[in-house]
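For reference, the structure discussed in these notes is given below.
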Amino acid sequence: MQAIPMTPPVTQTDRAEYVVNARFLAHRITGIQRYAREIASRLGGSPEMLKPSNGKGARGHLWEQLALPRLAGGRLLWSPCGAGPLSYTRQVVTFHDLFPLEHPEWYSAAYAKWYSLMFRRLATNAAHLIAVSSYTKDRLVRQLGCDPDDVTVVYNGPAQSTRLSTTFEAARACAALALPSRRYVLSLSSLEARKNLPTIFAAWRIAQRSLPDNVWLVLAGQQADASVFGKQQLSAIPARVHFTGYVAEEHLAGLYSGASLFLFPSLAEGFGLPLLEAMSCGLRAVTSNNSSLPEVGGDAAFYVDPLDVRELAAAILRHIASENAASAPFLPAMEQASRFCWTDSARRTEDVLQRAAHSRRKVAATDGRRWRVA
C-alpha cells in the first residue's frame, strides 16, 4: 500500500480515539516497559489502557491475540512493546529491535520462532510502525522490506528518576544494594547473552590487576528469563564482582551517580536506555561501536569493539585512572543526554497516532529533521 501524504497535526479539540495495548502493565519495569509507561503516561486525552488480568507467559500471548482485538473493537490500537494481535490491522506498533529474527541464537527456540513470525506479520499489516532508533528503522527496511515512509523514529528519554544524585542518595543506594565498596565500575542490564558478560569478565580480570583492591565491578540487573533467553551459563566469575539483582526505581539514580564508570559493551541494542540513563547522571560511559549506541552516545561516550577484550580493559583503566576525573560529573555526557526527552517522544508518538486514527490507509512518516536528535 502507498503511504499517504503528511497532513497537519490534529488539534487537541479534534482528538481521535485510540486505545493502548497495556499488557506491559503486568510486567516488571525494564527498558521496554519503561518506554511504554513513560510515553503512555504523557499521551493526551487519557486513552483507554486495555490490560489483561494476567499478562505474563502463554496467557498473556493468548489474551493479546484473542481478547485484545475484541476489546479494541475497531478503534486504532497502539502496541508499544513490539508485540500485538496479528489479525488486527488498525494498529500502530513500536519496534524496539529485530534481534529474535536476526540473532535467534540469543533466545530460546520457541521465543525466537514466535517473535520472528510476529515481527513479519506486524510489519506487513500495521497501519504504521514506530522505531526507537534510526538503526532499528534501518533494520525494518532491510530485513522486513518496510517502506521507509511507513516507519517513524521516536527515541527513548531518560527518566526523571535517573538524574545526577546527591552524595547522600548515592550512599543510600550503596547500602540498600549491599555494595561491597563505594568505588565501583557499573554495568546495568539483564543477564543475557546479548549483554556480552564473558567479554566484560575477561576485560575485568585484566583491568583489576592495575586497580586498587577496593574497586569492584557491580553488575546490576535481573536474571534472564529462561523461557525467553534459554538457559544462560555464566563463565567463571572473576574476583571483585558483585551482582545486585533487579534494582528498584528508587535506587537507580543513586547507583548510577555513585559509580566511577559505566560499562555497556553490548553485542547489539535497539536503543540502549541504560547508556542514556548513565549519561544523564553524569557518568563516563564505555560502550560498543555498533547498532544504535553511537546514536545515543554521540560524541560524549567512549566506544570500543565489544569483542576486543584488551581494548575494553584498556578503556576501563584509562577512564578511572584519575580519581578527580572519575568522581566529577562528566558534563558532555549530561549535555548529550539532555537532547532526549520523554515529553518530545510522547508528542511525536501522539502525532503518529492521530494521523493513523484519521486514516484508513498507511500513514506517512513525519519529517525526521523535526526531531531533536538527528
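The way I read the labels, and the way they are meant: chains A, B, ... in the order of the C-alpha cells, residue 1 as the first residue of every chain, and ligand 1 as the first ligand shown, with later ones counted on from there.
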Within 7 Å of Tyr155 (chain A), counting only C-alpha atoms, which residues show up once you throw out same-chain ones fewer than 2 positions away? Write them as a ChimeraX atom specification, please. /A:132-133,153,157,345
Selection near region 241-256 of chain A, 8 Å with only C-alpha atoms, sequence-local residues under 6 positions removed, as number ranges by chain: A: 161-166, 169-174, 176-180, 186, 216-223, 262, 278, 281, 283
For the residues selected in the previous step, produce a file with C-alpha atoms as an mmCIF file, in the first residue's frame.
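Written output follows (selection01.cif):
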data_model
loop_
_atom_site.group_PDB
_atom_site.id
_atom_site.type_symbol
_atom_site.label_atom_id
_atom_site.label_comp_id
_atom_site.auth_asym_id
_atom_site.auth_seq_id
_atom_site.Cartn_x
_atom_site.Cartn_y
_atom_site.Cartn_z
ATOM 1 C CA SER A 161 14.356 9.283 38.498
ATOM 2 C CA THR A 162 17.690 8.960 36.660
ATOM 3 C CA ARG A 163 19.434 12.255 37.173
ATOM 4 C CA LEU A 164 22.563 13.332 38.992
ATOM 5 C CA SER A 165 22.022 12.419 42.648
ATOM 6 C CA THR A 166 23.398 13.787 45.874
ATOM 7 C CA GLU A 169 21.338 9.344 47.698
ATOM 8 C CA ALA A 170 24.341 7.507 46.272
ATOM 9 C CA ALA A 171 25.285 6.287 49.757
ATOM 10 C CA ARG A 172 21.705 5.162 50.422
ATOM 11 C CA ALA A 173 21.637 3.146 47.188
ATOM 12 C CA CYS A 174 25.017 1.647 48.053
ATOM 13 C CA ALA A 176 20.347 -0.746 50.101
ATOM 14 C CA LEU A 177 22.052 -2.868 47.443
ATOM 15 C CA ALA A 178 24.730 -4.113 49.860
ATOM 16 C CA LEU A 179 27.575 -2.961 47.623
ATOM 17 C CA PRO A 180 30.951 -4.127 48.944
ATOM 18 C CA LEU A 186 28.887 -0.251 36.940
ATOM 19 C CA TRP A 216 34.756 -3.518 42.292
ATOM 20 C CA LEU A 217 32.706 -4.364 39.228
ATOM 21 C CA VAL A 218 28.989 -4.097 40.009
ATOM 22 C CA LEU A 219 26.568 -5.915 37.687
ATOM 23 C CA ALA A 220 23.025 -4.660 38.174
ATOM 24 C CA GLY A 221 20.039 -6.366 36.589
ATOM 25 C CA GLN A 222 17.702 -9.300 36.909
ATOM 26 C CA GLN A 223 18.460 -12.865 35.899
ATOM 27 C CA PHE A 262 29.662 2.838 33.258
ATOM 28 C CA ALA A 278 24.006 6.651 32.918
ATOM 29 C CA CYS A 281 23.637 11.045 35.725
ATOM 30 C CA LEU A 283 28.794 9.145 34.144
#
Residues near Ser210 (chain A), cut-off 10 Å, only C-alpha atoms, skip fewer than 4 positions along chain, as a list in words: Arg205, Ile206, Leu317 and Ala321 of chain A
Store the residues picked out above, limited to N, CA and C atoms, as a short mmCIF file (atom, residue, chain, number, x, y, z; two decimals), in the first residue's frame.
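Final output, saved to part-v1.cif:
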data_model
loop_
_atom_site.label_atom_id
_atom_site.label_comp_id
_atom_site.auth_asym_id
_atom_site.auth_seq_id
_atom_site.Cartn_x
_atom_site.Cartn_y
_atom_site.Cartn_z
N ARG A 205 39.20 -9.09 34.49
CA ARG A 205 40.35 -9.84 35.02
C ARG A 205 41.66 -9.11 34.73
N ILE A 206 41.75 -8.55 33.52
CA ILE A 206 42.96 -7.82 33.15
C ILE A 206 43.03 -6.49 33.89
N LEU A 317 40.68 1.09 32.44
CA LEU A 317 41.80 1.70 33.16
C LEU A 317 41.95 3.17 32.80
N ALA A 321 41.41 6.15 35.78
CA ALA A 321 42.77 6.36 36.28
C ALA A 321 42.84 7.56 37.20
#
Could you jot down the CA of Ile130 (chain A) to CA of Val92 (chain A) separation for me, Å, one decimal place?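 Straight-line distance from CA of Ile130 (chain A) to CA of Val92 (chain A) works out to 7.3 Å.
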Taking only C-alpha atoms into account, name the residue in A:Phe302, A:Tyr107, A:Asn21, A:Asn54 that is nearest to Tyr88 (chain A).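 Checking each of A:Phe302, A:Tyr107, A:Asn21, A:Asn54 against Tyr88 (chain A), counting only C-alpha atoms, the winner is A:Asn21.
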Give one line per residue of region 89-205 of chain A that approaches region 66-81 of chain A to at most 6 Å, naming the two atoms of the closest pair and their distance in Å to one decimal, counting only C-alpha atoms; sort by chain then ascending residue number and deliver it as CSV.
residue,atom,partner,partner_atom,distance
A:Arg90,CA,A:Leu76,CA,5.2
A:Gln91,CA,A:Leu77,CA,4.6
A:Val92,CA,A:Trp78,CA,4.8
A:Val93,CA,A:Ser79,CA,4.8
A:Thr94,CA,A:Pro80,CA,4.8
List as a list in words the protein and nucleic acid residues near Ala22 (chain A), meaning an atom at most 8 Å away when only C-alpha atoms are counted, but skip any in the same chain fewer than 5 places from it. Met49, Leu50, Lys51, Pro52 and Ser79 of chain A
Only N, CA and C atoms, please: the residues just picked out, written as an mmCIF file, in the first residue's frame.
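Final output, result11.cif:
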data_model
loop_
_atom_site.group_PDB
_atom_site.id
_atom_site.type_symbol
_atom_site.label_atom_id
_atom_site.label_comp_id
_atom_site.auth_asym_id
_atom_site.auth_seq_id
_atom_site.Cartn_x
_atom_site.Cartn_y
_atom_site.Cartn_z
ATOM 1 N N MET A 49 -6.581 2.188 28.502
ATOM 2 C CA MET A 49 -5.494 1.221 28.618
ATOM 3 C C MET A 49 -6.113 -0.173 28.718
ATOM 4 N N LEU A 50 -5.955 -0.959 27.674
ATOM 5 C CA LEU A 50 -6.521 -2.311 27.643
ATOM 6 C C LEU A 50 -5.506 -3.280 28.221
ATOM 7 N N LYS A 51 -5.805 -3.832 29.398
ATOM 8 C CA LYS A 51 -4.832 -4.682 30.074
ATOM 9 C C LYS A 51 -5.472 -5.982 30.539
ATOM 10 N N PRO A 52 -4.692 -7.056 30.527
ATOM 11 C CA PRO A 52 -5.197 -8.358 30.975
ATOM 12 C C PRO A 52 -5.093 -8.495 32.480
ATOM 13 N N SER A 79 0.327 -0.593 20.017
ATOM 14 C CA SER A 79 1.050 -1.663 20.717
ATOM 15 C C SER A 79 2.489 -1.203 20.904
#
Name the closest residue to Ser280 (chain A) among the candidates A:Glu335, A:Asp351, A:Asp299, A:Asp305; distances are taken between atoms, counting only C-alpha atoms.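 Of A:Glu335, A:Asp351, A:Asp299, A:Asp305, the one nearest Ser280 (chain A), counting only C-alpha atoms, is A:Glu335.
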From region 215-288 of chain A, collect each residue whose DSSP state is strand (DSSP E or B) and return the set as a PyMOL selection string. chain A and resi 215-220+223+241-245+261-264+285-288
Based on the backbone DSSP call, show me all residues of region 13-255 of chain A assigned alpha helix (DSSP H), as a JSON list (two decimals) with C-alpha atoms, in the first residue's frame.
[["chain", "number", "residue", "atom", "x", "y", "z"],
["A", 31, "GLY", "CA", 13.73, -0.97, 29.26],
["A", 32, "ILE", "CA", 10.76, -1.73, 27.01],
["A", 33, "GLN", "CA", 8.23, -1.47, 29.84],
["A", 34, "ARG", "CA", 9.77, 1.86, 30.87],
["A", 35, "TYR", "CA", 9.36, 3.17, 27.33],
["A", 36, "ALA", "CA", 5.70, 2.15, 27.24],
["A", 37, "ARG", "CA", 4.90, 3.63, 30.65],
["A", 38, "GLU", "CA", 6.71, 6.91, 30.01],
["A", 39, "ILE", "CA", 5.00, 7.51, 26.66],
["A", 40, "ALA", "CA", 1.54, 6.28, 27.68],
["A", 57, "GLY", "CA", 3.71, -16.00, 29.60],
["A", 58, "ALA", "CA", 1.35, -18.02, 27.42],
["A", 59, "ARG", "CA", -1.75, -16.48, 29.00],
["A", 60, "GLY", "CA", -0.54, -13.02, 28.08],
["A", 61, "HIS", "CA", 0.08, -14.03, 24.47],
["A", 62, "LEU", "CA", -3.36, -15.66, 24.22],
["A", 68, "LEU", "CA", -7.40, -7.75, 22.73],
["A", 69, "PRO", "CA", -8.83, -7.42, 19.18],
["A", 70, "ARG", "CA", -12.37, -7.72, 20.62],
["A", 71, "LEU", "CA", -11.62, -5.14, 23.31],
["A", 72, "ALA", "CA", -10.15, -2.72, 20.77],
["A", 99, "PHE", "CA", 17.00, -9.50, 17.43],
["A", 100, "PRO", "CA", 14.85, -12.66, 17.74],
["A", 101, "LEU", "CA", 14.72, -12.65, 13.94],
["A", 102, "GLU", "CA", 18.33, -11.61, 13.29],
["A", 109, "ALA", "CA", 14.00, -21.65, 20.14],
["A", 110, "ALA", "CA", 10.27, -21.16, 20.84],
["A", 111, "TYR", "CA", 10.65, -17.45, 21.61],
["A", 112, "ALA", "CA", 12.77, -16.76, 18.51],
["A", 113, "LYS", "CA", 10.35, -18.63, 16.24],
["A", 114, "TRP", "CA", 7.23, -16.91, 17.60],
["A", 115, "TYR", "CA", 8.65, -13.39, 17.56],
["A", 116, "SER", "CA", 10.16, -13.83, 14.09],
["A", 117, "LEU", "CA", 6.70, -14.77, 12.80],
["A", 118, "MET", "CA", 5.03, -11.94, 14.71],
["A", 119, "PHE", "CA", 7.52, -9.30, 13.55],
["A", 120, "ARG", "CA", 6.98, -10.22, 9.90],
["A", 121, "ARG", "CA", 3.19, -10.15, 10.19],
["A", 122, "LEU", "CA", 3.02, -6.92, 12.20],
["A", 123, "ALA", "CA", 5.45, -5.11, 9.91],
["A", 124, "THR", "CA", 3.29, -6.04, 6.92],
["A", 125, "ASN", "CA", -0.18, -5.47, 8.39],
["A", 134, "SER", "CA", 17.34, 5.10, 13.16],
["A", 135, "TYR", "CA", 19.24, 1.83, 13.47],
["A", 136, "THR", "CA", 16.04, -0.09, 14.21],
["A", 137, "LYS", "CA", 14.26, 1.68, 11.35],
["A", 138, "ASP", "CA", 17.07, 0.66, 9.02],
["A", 139, "ARG", "CA", 16.72, -2.98, 10.13],
["A", 140, "LEU", "CA", 12.97, -2.87, 9.47],
["A", 141, "VAL", "CA", 13.62, -1.58, 5.97],
["A", 142, "ARG", "CA", 16.45, -4.00, 5.19],
["A", 143, "GLN", "CA", 15.23, -7.15, 6.93],
["A", 144, "LEU", "CA", 11.47, -6.91, 6.51],
["A", 167, "THR", "CA", 26.16, 12.03, 47.78],
["A", 168, "PHE", "CA", 23.54, 11.01, 50.35],
["A", 169, "GLU", "CA", 21.34, 9.34, 47.70],
["A", 170, "ALA", "CA", 24.34, 7.51, 46.27],
["A", 171, "ALA", "CA", 25.28, 6.29, 49.76],
["A", 172, "ARG", "CA", 21.71, 5.16, 50.42],
["A", 173, "ALA", "CA", 21.64, 3.15, 47.19],
["A", 174, "CYS", "CA", 25.02, 1.65, 48.05],
["A", 175, "ALA", "CA", 23.70, 0.50, 51.43],
["A", 176, "ALA", "CA", 20.35, -0.75, 50.10],
["A", 197, "LEU", "CA", 29.21, -10.82, 30.03],
["A", 198, "PRO", "CA", 32.09, -13.15, 29.02],
["A", 199, "THR", "CA", 33.95, -10.21, 27.45],
["A", 200, "ILE", "CA", 33.19, -8.00, 30.45],
["A", 201, "PHE", "CA", 34.57, -10.66, 32.80],
["A", 202, "ALA", "CA", 37.69, -11.23, 30.69],
["A", 203, "ALA", "CA", 38.40, -7.49, 30.49],
["A", 204, "TRP", "CA", 37.81, -7.09, 34.23],
["A", 205, "ARG", "CA", 40.35, -9.84, 35.02],
["A", 206, "ILE", "CA", 42.96, -7.82, 33.15],
["A", 207, "ALA", "CA", 41.96, -4.39, 34.45],
["A", 208, "GLN", "CA", 41.67, -5.31, 38.11],
["A", 226, "ALA", "CA", 14.97, -18.89, 30.63],
["A", 227, "SER", "CA", 11.71, -19.12, 28.66],
["A", 228, "VAL", "CA", 12.85, -16.08, 26.66],
["A", 229, "PHE", "CA", 16.62, -16.34, 26.52],
["A", 249, "GLU", "CA", 13.36, 2.56, 40.65],
["A", 250, "GLU", "CA", 14.13, 4.46, 43.85],
["A", 251, "HIS", "CA", 17.78, 3.35, 43.85],
["A", 252, "LEU", "CA", 18.64, 3.72, 40.15],
["A", 253, "ALA", "CA", 19.88, 7.31, 40.18],
["A", 254, "GLY", "CA", 21.95, 6.77, 43.32],
["A", 255, "LEU", "CA", 23.51, 3.62, 41.86]]
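What separates CA of Arg42 (chain A) from CA of Ala268 (chain A) is a distance of 28.6 Å.
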Which residues are close to Gly282 (chain A), i.e. within 7 Å by only C-alpha atoms, leaving aside same-chain residues fewer than 5 positions away? Reply as a list in words.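 Once the nearby chain positions are removed, what remains is Leu164, Pro329, Phe330, Leu331, Ala333 and Met334 of chain A.
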Saved selection, atoms kept: N, CA and C atoms, as a PDB file, in the first residue's frame:
ATOM      1  N   LEU A 164      21.441  13.243  38.067  1.00  0.00           N
ATOM      2  CA  LEU A 164      22.563  13.332  38.992  1.00  0.00           C
ATOM      3  C   LEU A 164      22.054  13.418  40.428  1.00  0.00           C
ATOM      4  N   PRO A 329      31.084  14.996  37.823  1.00  0.00           N
ATOM      5  CA  PRO A 329      30.134  14.731  36.733  1.00  0.00           C
ATOM      6  C   PRO A 329      30.765  15.037  35.377  1.00  0.00           C
ATOM      7  N   PHE A 330      30.525  14.180  34.424  1.00  0.00           N
ATOM      8  CA  PHE A 330      31.068  14.362  33.077  1.00  0.00           C
ATOM      9  C   PHE A 330      30.044  15.170  32.285  1.00  0.00           C
ATOM     10  N   LEU A 331      30.297  16.458  32.165  1.00  0.00           N
ATOM     11  CA  LEU A 331      29.311  17.379  31.607  1.00  0.00           C
ATOM     12  C   LEU A 331      28.934  17.084  30.156  1.00  0.00           C
ATOM     13  N   ALA A 333      28.515  14.272  28.785  1.00  0.00           N
ATOM     14  CA  ALA A 333      27.521  13.195  28.817  1.00  0.00           C
ATOM     15  C   ALA A 333      26.151  13.737  29.211  1.00  0.00           C
ATOM     16  N   MET A 334      26.119  14.610  30.207  1.00  0.00           N
ATOM     17  CA  MET A 334      24.851  15.183  30.644  1.00  0.00           C
ATOM     18  C   MET A 334      24.233  16.048  29.547  1.00  0.00           C
TER      19      MET A 334
END
Counting only C-alpha atoms, the option among A:Arg240, A:Ala315, A:Val304, A:Leu293 closest to Leu261 (chain A):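 Smallest distance to Leu261 (chain A) is found for A:Ala315.
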